[in-house]
Amino acid sequence: MRPVVPLPLWPLGEARATPLAGLKGLRFAEALDATGRVVLADSLDPALRERLGRARAPMAGLSLDRPRLMGILNVTPDSFSDGGDHADRAAAVAHAQALLAEGADILDIGGESTRPGAAPVPVEAEIARVVPVVAALRAAGVAAPISVDTRNAACAKAALAEGADMINDVSALSHDPGMAEVVAEAGVPLCLMHAQGSPAEMQQAPRYDDVLAEVYEALERRIAAAEAAGIDRSRLIVDPGIGFGKDLDHNLTLLRGLTAFHGFGLPLLVGVSRKRFIGTIGGAETPKDRMPGSIAVALWAARQGAQVIRVHDVKETRQALALQAALMGNEG
């Protein structure tokens with residue numbers, strides 16, 4: 001059965017509207033229930049309404065009362081958009097510092113491409129790409145939160161030892177049995193992302209009967225698995241995994257129903273930057289030409305209450321978010 005989908009209002013809208021996800025100025029008065037009917041927020045189950053409305057716990061020291069930008073730093077030779085651009089350690093550190101100067105709130109460093117069709121990378125190679133960059137950033141005095149985009153426990157452990165603050169696991173703890181223990185022992189935030197299949201084959205005719213319901217239920221199971229492994233629920237973040245085992249229609253359905261994921265009472269991360277569906281709709285074959293469409297979807301995600309938006313183009317997205325907030329009377 002489909003989850004409840006709140007219909008957000010920004011600016012405040014009706015005085016009796018219910019806060020949504022603890023974000024400034026974002027509220028909802030109505031929702032689509034599990035049967036698709038429009039219902040008043042006041043008629044929802046009180047426990048669900050509380051989860052939908054409560055302020056989210058800080059993530060790696062960042063308050064989540066407004067959208068936060070996660071700057072993407074791929075230290076890989078083969079990522080779909082910028083593979084090879086920052087594979088050199090000096091180039092990676094310079095780009096990380098540039099992202100922060102442009103307004104990134106947190107960095108996300110990845111050493112294994114998870115683009116469609118990508119083959120697994122040996123863990124030793126991933127560690128050699130990622131960990132020295134984390135160490136170099138901390139040695140350079142970078143104090144901003146650092147997330148590591150990895151499915152592998154050994155890479156996560158080594159990066160955390162050098163000062164990383166968070167793990168972003170696109171497999172949601174299903175790839176490496178040791179990942180949950182590493183995260184639980186470190187007590188750091190963990191992003192659980194939904195993916196149907198592995199990167200090598202995930203885009204080979206993905207199928208769902210009801211993509212919103214199935215992704216929601218799959219994330220619910222991964223949250224339960226994380227908690228059972230000793231990871232505190234307050235440290236979890238969810239990501240519906242746009243483009244990971246989804247076709248264009250699946251992606252659009254998930255984006256239209258993003259507010260459903262607030263039903264977990266957890267921060268919501270959305271990563272759409274430069275992805276293929278943006279190029280398909282916007283007529284941009286080359287990933288680096290998809291910046292305007294990426295910003296459009298980032299603004300949509302912010303309007304739906306996403307607390308973290310993962311982007312390549314930080315400066316441009318930051319400017320767009322600032323203008324959107326000002327136009328909506330929510331400059332704070």
# chains A, B, ... in the order shown; residues from 1 in each chain; ligands from 1

$ select_by_dssp --residues "stretch 227-270 of chain A" --states "strand (DSSP E or B)" --output "list of chain:residue names"
A:Leu236, A:Ile237, A:Val238, A:Asp239, A:Leu268, A:Leu269, A:Val270

$ write_last_selection --atoms "C-alpha atoms" --output "short mmCIF file (atom, residue, chain, number, x, y, z; two decimals), in the first residue's frame"
data_model
loop_
_atom_site.label_atom_id
_atom_site.label_comp_id
_atom_site.auth_asym_id
_atom_site.auth_seq_id
_atom_site.Cartn_x
_atom_site.Cartn_y
_atom_site.Cartn_z
CA LEU A 236 20.07 7.73 9.85
CA ILE A 237 19.32 9.60 6.63
CA VAL A 238 17.26 8.20 3.74
CA ASP A 239 17.70 8.61 -0.01
CA LEU A 268 15.84 13.16 3.42
CA LEU A 269 18.76 13.32 0.97
CA VAL A 270 18.10 13.73 -2.75
#

$ residues_around --residues "A:Pro122" --least-positions-apart "5" --cutoff "10 Å" --atoms "only C-alpha atoms" --output "mmCIF file with N, CA, C and O atoms, in the first residue's frame"
data_model
loop_
_atom_site.group_PDB
_atom_site.id
_atom_site.type_symbol
_atom_site.label_atom_id
_atom_site.label_comp_id
_atom_site.auth_asym_id
_atom_site.auth_seq_id
_atom_site.Cartn_x
_atom_site.Cartn_y
_atom_site.Cartn_z
ATOM 1 N N GLU A 112 34.649 5.054 -5.856
ATOM 2 C CA GLU A 112 34.168 3.948 -6.685
ATOM 3 C C GLU A 112 32.977 4.450 -7.479
ATOM 4 O O GLU A 112 31.973 4.865 -6.895
ATOM 5 N N ILE A 127 40.307 2.693 -1.320
ATOM 6 C CA ILE A 127 40.954 3.297 -0.150
ATOM 7 C C ILE A 127 42.084 4.225 -0.583
ATOM 8 O O ILE A 127 42.234 5.344 -0.073
ATOM 9 N N ASN A 152 31.845 -0.080 1.114
ATOM 10 C CA ASN A 152 32.796 -1.018 1.677
ATOM 11 C C ASN A 152 33.247 -0.628 3.073
ATOM 12 O O ASN A 152 33.706 0.503 3.306
#

$ residues_around --residues "A:Leu64" --least-positions-apart "3" --cutoff "10 Å" --atoms "only C-alpha atoms" --output "JSON, numbers by chain"
{"A": [21, 22, 23, 24, 55, 56, 57, 58, 59, 61, 67, 68, 267, 268, 306, 307, 308]}

$ residues_around --residues "A:Glu220" --least-positions-apart "4" --cutoff "12 Å" --atoms "only C-alpha atoms" --output "PyMOL selection string"
chain A and resi 3+172+192-194+213-216+224-227+233+236-240+261-266

$ closest_residue --among "A:Leu48, A:Leu9, A:Leu73, A:Ala140" --to "A:Gly25" --atoms "only C-alpha atoms"
A:Leu9

$ select_by_dssp --residues "stretch 60-302 of chain A" --states "alpha helix (DSSP H)" --output "PyMOL selection string"
chain A and resi 89-101+123-139+153-161+179-186+211-228+248-256+276-282+291-302

$ closest_residue --among "A:Gly271, A:Asp210, A:Ala92, A:Lys157" --to "A:Thr253" --atoms "only C-alpha atoms"
A:Asp210

$ closest_residue --among "A:Arg89, A:Arg222, A:Arg66, A:His175" --to "A:Ala301" --atoms "only C-alpha atoms"
A:Arg66

$ atom_distance --atom1 "atom CA of A:Ile295" --atom2 "atom CA of A:Thr317"
5.7 Å

$ atom_distance --atom1 "atom CA of A:Ala153" --atom2 "atom CA of A:Gly178"
5.5 Å

$ residues_around --residues "A:Val5" --least-positions-apart "3" --cutoff "7 Å" --atoms "only C-alpha atoms" --output "PyMOL selection string"
chain A and resi 31-33+257+259-260
